[in-house]
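Beneath this line is the structure, given in structure tokens, with notes to follow.
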Amino acid sequence: MSNFSGILNSPLGILTIRATKSAVYSIDFFESNEMIKENDVILECKHQIDEYFNKRRIHFTIPIELSGSLFFLNVLHICQTIPFGTTTTYSNIANNLQKPQAKRAVGQALHRNPLPIIIPCHRVVHKQSKNAGYAGEIWRKQILLDLEKQ
């Protein structure tokens with residue numbers, strides 16, 4: 001498998017984007033020491049994320065590649081259906097999966113989301129507090145939620 005990577009400066013800091021020749025599989029909130037080797041998928045991903053931050057995109061169309069358990073993939077799929085500018089709760093996702101007791105497992109799955117921003121786990125909040133839980137740190141989650149409110 002050929003791997004490609006690119007760096008994007010964003011309002012959330014530096015993002016490292018990784019892809020195969022046909023799909024994005026990882027976005028991290030830090031700069032990597034790996035060699036930058038961009039391809040068309042990386043360039044398109046950077047373009048779409050840039051459009052998102054400039055309020056010209058509300059839905060990502062870049063091909064993505066995910067792997068993991070069926071539960072993990074189902075959580076990420078439901079997360080992708082949360083409309084721009086809205087939020088839902090961990091409990092709601094667990095209920096959608098017909099596993100109402102699995103809200104903590106939903107949170108753990110979202111904590112491992114390999115494609116933050118593209119798979120909008122920032123739109124998932126606790127019932128009592130919007131500012132709880134985000135693998136990329138709370139301040140980034142708040143920036144994303146504020147961006148989508150406007």
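Chain identifiers are assigned as A, B, and so on, following the order in which chains appear in the structure tokens; residues are numbered from 1 within each chain, and ligands are numbered from 1 in order of appearance.
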Write out as JSON, numbers by chain all residues of chain A that DSSP puts in strand (DSSP E) for this structure's backbone. {"A": [4, 5, 6, 7, 8, 9, 10, 13, 14, 15, 16, 17, 18, 19, 24, 25, 26, 27, 28, 88, 89, 124, 125]}
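Near region 61-69 of chain A, within 8 Å and counting only C-alpha atoms, sit Ser22, Ala23, Val24, Tyr25, Val41, Glu44, Cys45, Gln48, Leu73 and Pro114 of chain A; same-chain residues fewer than 4 positions away were not included.
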Go ahead and save the picked residues with N, CA, C and O atoms, as a PDB file, in the first residue's frame.
ATOM      1  N   SER A  22      -5.979   6.261  -3.066  1.00  0.00           N
ATOM      2  CA  SER A  22      -7.374   6.506  -3.421  1.00  0.00           C
ATOM      3  C   SER A  22      -8.256   7.047  -2.297  1.00  0.00           C
ATOM      4  O   SER A  22      -9.387   7.443  -2.556  1.00  0.00           O
ATOM      5  N   ALA A  23      -7.770   7.087  -1.036  1.00  0.00           N
ATOM      6  CA  ALA A  23      -8.652   7.512   0.060  1.00  0.00           C
ATOM      7  C   ALA A  23      -7.850   8.027   1.258  1.00  0.00           C
ATOM      8  O   ALA A  23      -6.746   7.546   1.532  1.00  0.00           O
ATOM      9  N   VAL A  24      -8.447   8.967   1.980  1.00  0.00           N
ATOM     10  CA  VAL A  24      -7.864   9.480   3.218  1.00  0.00           C
ATOM     11  C   VAL A  24      -8.179   8.503   4.337  1.00  0.00           C
ATOM     12  O   VAL A  24      -9.292   8.006   4.445  1.00  0.00           O
ATOM     13  N   TYR A  25      -7.188   8.220   5.184  1.00  0.00           N
ATOM     14  CA  TYR A  25      -7.436   7.307   6.303  1.00  0.00           C
ATOM     15  C   TYR A  25      -7.068   7.875   7.659  1.00  0.00           C
ATOM     16  O   TYR A  25      -7.379   7.286   8.688  1.00  0.00           O
ATOM     17  N   VAL A  41      -5.334  12.906  -3.716  1.00  0.00           N
ATOM     18  CA  VAL A  41      -6.267  12.718  -2.602  1.00  0.00           C
ATOM     19  C   VAL A  41      -5.918  13.657  -1.458  1.00  0.00           C
ATOM     20  O   VAL A  41      -6.796  14.314  -0.880  1.00  0.00           O
ATOM     21  N   GLU A  44      -6.839  17.234  -2.479  1.00  0.00           N
ATOM     22  CA  GLU A  44      -8.285  17.456  -2.442  1.00  0.00           C
ATOM     23  C   GLU A  44      -8.781  17.533  -1.001  1.00  0.00           C
ATOM     24  O   GLU A  44      -9.646  18.350  -0.673  1.00  0.00           O
ATOM     25  N   CYS A  45      -8.252  16.700  -0.132  1.00  0.00           N
ATOM     26  CA  CYS A  45      -8.640  16.749   1.277  1.00  0.00           C
ATOM     27  C   CYS A  45      -8.279  18.105   1.881  1.00  0.00           C
ATOM     28  O   CYS A  45      -9.096  18.718   2.572  1.00  0.00           O
ATOM     29  N   GLN A  48     -10.768  20.642   0.604  1.00  0.00           N
ATOM     30  CA  GLN A  48     -12.091  20.554   1.226  1.00  0.00           C
ATOM     31  C   GLN A  48     -12.072  21.029   2.680  1.00  0.00           C
ATOM     32  O   GLN A  48     -13.004  21.715   3.113  1.00  0.00           O
ATOM     33  N   LEU A  73     -17.316   0.978  13.330  1.00  0.00           N
ATOM     34  CA  LEU A  73     -17.705   1.500  12.015  1.00  0.00           C
ATOM     35  C   LEU A  73     -19.137   2.021  12.020  1.00  0.00           C
ATOM     36  O   LEU A  73     -19.432   3.057  11.400  1.00  0.00           O
ATOM     37  N   PRO A 114     -10.446   8.276  13.438  1.00  0.00           N
ATOM     38  CA  PRO A 114      -9.221   8.599  12.720  1.00  0.00           C
ATOM     39  C   PRO A 114      -9.346   9.800  11.786  1.00  0.00           C
ATOM     40  O   PRO A 114      -8.343  10.285  11.263  1.00  0.00           O
TER      41      PRO A 114
END
Skip Ser10 (chain A) itself and residues of its chain fewer than 6 positions away, then list as a ChimeraX atom specification all residues within 12 Å of it, counting only C-alpha atoms. /A:16-17,28-31,46-54,117,140,143-144
Would you return as a PDB file with C-alpha atoms, in the first residue's frame the members of region 13-89 of chain A that DSSP assigns to helix (DSSP H, G or I) on this structure's backbone?
ATOM      1  CA  ASP A  40      -4.291  14.170  -5.530  1.00  0.00           C
ATOM      2  CA  VAL A  41      -6.267  12.718  -2.602  1.00  0.00           C
ATOM      3  CA  ILE A  42      -4.207  14.677  -0.051  1.00  0.00           C
ATOM      4  CA  LEU A  43      -4.506  17.863  -2.104  1.00  0.00           C
ATOM      5  CA  GLU A  44      -8.285  17.456  -2.442  1.00  0.00           C
ATOM      6  CA  CYS A  45      -8.640  16.749   1.277  1.00  0.00           C
ATOM      7  CA  LYS A  46      -6.657  19.888   2.115  1.00  0.00           C
ATOM      8  CA  HIS A  47      -8.839  21.853  -0.306  1.00  0.00           C
ATOM      9  CA  GLN A  48     -12.091  20.554   1.226  1.00  0.00           C
ATOM     10  CA  ILE A  49     -10.941  21.191   4.809  1.00  0.00           C
ATOM     11  CA  ASP A  50      -9.870  24.687   3.796  1.00  0.00           C
ATOM     12  CA  GLU A  51     -13.314  25.291   2.256  1.00  0.00           C
ATOM     13  CA  TYR A  52     -14.929  24.040   5.477  1.00  0.00           C
ATOM     14  CA  PHE A  53     -12.956  26.513   7.608  1.00  0.00           C
ATOM     15  CA  LEU A  70     -18.549  -3.433  13.231  1.00  0.00           C
ATOM     16  CA  PHE A  71     -19.586  -1.431  16.315  1.00  0.00           C
ATOM     17  CA  PHE A  72     -16.807   1.134  15.697  1.00  0.00           C
ATOM     18  CA  LEU A  73     -17.705   1.500  12.015  1.00  0.00           C
ATOM     19  CA  ASN A  74     -21.416   1.840  12.848  1.00  0.00           C
ATOM     20  CA  VAL A  75     -20.691   4.595  15.373  1.00  0.00           C
ATOM     21  CA  LEU A  76     -18.621   6.484  12.789  1.00  0.00           C
ATOM     22  CA  HIS A  77     -21.326   6.006  10.152  1.00  0.00           C
ATOM     23  CA  ILE A  78     -24.007   7.458  12.447  1.00  0.00           C
ATOM     24  CA  CYS A  79     -21.682  10.321  13.310  1.00  0.00           C
ATOM     25  CA  GLN A  80     -21.358  11.131   9.597  1.00  0.00           C
TER      26      GLN A  80
END
For Ile138 (chain A), the nearest of the candidates A:Thr20, A:Asn9, A:His122, A:Gln150, counting only C-alpha atoms: A:His122
One decimal, Å: what's the distance from CA of Thr81 (chain A) over to CA of Glu148 (chain A), could you say? 15.0 Å
Within 10 Å of Gly107 (chain A), counting only C-alpha atoms, which residues show up once you throw out same-chain ones fewer than 5 positions away? Write them as a PDB file with N, CA and C atoms, in the first residue's frame, please.
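So selection.pdb came out as:
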ATOM      1  N   VAL A  75     -20.722   3.318  14.642  1.00  0.00           N
ATOM      2  CA  VAL A  75     -20.691   4.595  15.373  1.00  0.00           C
ATOM      3  C   VAL A  75     -20.216   5.704  14.447  1.00  0.00           C
ATOM      4  N   THR A  89     -26.207  13.500  21.163  1.00  0.00           N
ATOM      5  CA  THR A  89     -25.539  13.021  22.370  1.00  0.00           C
ATOM      6  C   THR A  89     -25.021  11.598  22.170  1.00  0.00           C
ATOM      7  N   TYR A  90     -24.123  11.212  23.056  1.00  0.00           N
ATOM      8  CA  TYR A  90     -23.623   9.841  23.057  1.00  0.00           C
ATOM      9  C   TYR A  90     -24.790   8.870  23.255  1.00  0.00           C
ATOM     10  N   SER A  91     -25.727   9.251  24.116  1.00  0.00           N
ATOM     11  CA  SER A  91     -26.904   8.412  24.373  1.00  0.00           C
ATOM     12  C   SER A  91     -27.742   8.225  23.115  1.00  0.00           C
ATOM     13  N   ILE A  93     -26.756   8.279  20.008  1.00  0.00           N
ATOM     14  CA  ILE A  93     -26.070   7.361  19.096  1.00  0.00           C
ATOM     15  C   ILE A  93     -26.231   5.929  19.599  1.00  0.00           C
ATOM     16  N   ALA A  94     -26.050   5.723  20.899  1.00  0.00           N
ATOM     17  CA  ALA A  94     -26.226   4.380  21.470  1.00  0.00           C
ATOM     18  C   ALA A  94     -27.641   3.868  21.201  1.00  0.00           C
ATOM     19  N   ALA A 102     -24.755   1.490  25.820  1.00  0.00           N
ATOM     20  CA  ALA A 102     -23.412   1.584  25.237  1.00  0.00           C
ATOM     21  C   ALA A 102     -22.910   3.010  25.041  1.00  0.00           C
ATOM     22  N   ARG A 112     -11.468   7.467  19.245  1.00  0.00           N
ATOM     23  CA  ARG A 112     -10.513   6.855  18.309  1.00  0.00           C
ATOM     24  C   ARG A 112     -10.810   7.233  16.848  1.00  0.00           C
ATOM     25  N   ASN A 113     -11.719   8.154  16.619  1.00  0.00           N
ATOM     26  CA  ASN A 113     -12.063   8.581  15.266  1.00  0.00           C
ATOM     27  C   ASN A 113     -10.787   8.982  14.518  1.00  0.00           C
ATOM     28  N   CYS A 121     -17.160  14.085  14.823  1.00  0.00           N
ATOM     29  CA  CYS A 121     -17.381  13.660  16.208  1.00  0.00           C
ATOM     30  C   CYS A 121     -17.491  14.857  17.156  1.00  0.00           C
ATOM     31  N   VAL A 124     -20.926  15.575  18.718  1.00  0.00           N
ATOM     32  CA  VAL A 124     -21.479  14.704  19.753  1.00  0.00           C
ATOM     33  C   VAL A 124     -21.102  15.288  21.107  1.00  0.00           C
ATOM     34  N   VAL A 125     -22.118  15.522  21.928  1.00  0.00           N
ATOM     35  CA  VAL A 125     -21.917  16.189  23.215  1.00  0.00           C
ATOM     36  C   VAL A 125     -22.557  15.374  24.337  1.00  0.00           C
ATOM     37  N   HIS A 126     -22.141  15.674  25.552  1.00  0.00           N
ATOM     38  CA  HIS A 126     -22.786  15.089  26.722  1.00  0.00           C
ATOM     39  C   HIS A 126     -24.127  15.780  26.934  1.00  0.00           C
ATOM     40  N   GLY A 133     -15.449  16.107  26.492  1.00  0.00           N
ATOM     41  CA  GLY A 133     -15.043  15.018  25.640  1.00  0.00           C
ATOM     42  C   GLY A 133     -14.698  15.379  24.213  1.00  0.00           C
ATOM     43  N   TYR A 134     -13.411  15.332  23.887  1.00  0.00           N
ATOM     44  CA  TYR A 134     -12.945  15.459  22.512  1.00  0.00           C
ATOM     45  C   TYR A 134     -11.470  15.075  22.482  1.00  0.00           C
ATOM     46  N   ALA A 135     -11.141  14.105  21.658  1.00  0.00           N
ATOM     47  CA  ALA A 135      -9.763  13.614  21.597  1.00  0.00           C
ATOM     48  C   ALA A 135      -8.785  14.706  21.164  1.00  0.00           C
TER      49      ALA A 135
END
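Straight-line separation from CA of Asn39 (chain A) to CA of Phe4 (chain A): 6.5 Å.
Going from CA of Arg56 (chain A) over to CA of Ala19 (chain A), you cover 23.2 Å.
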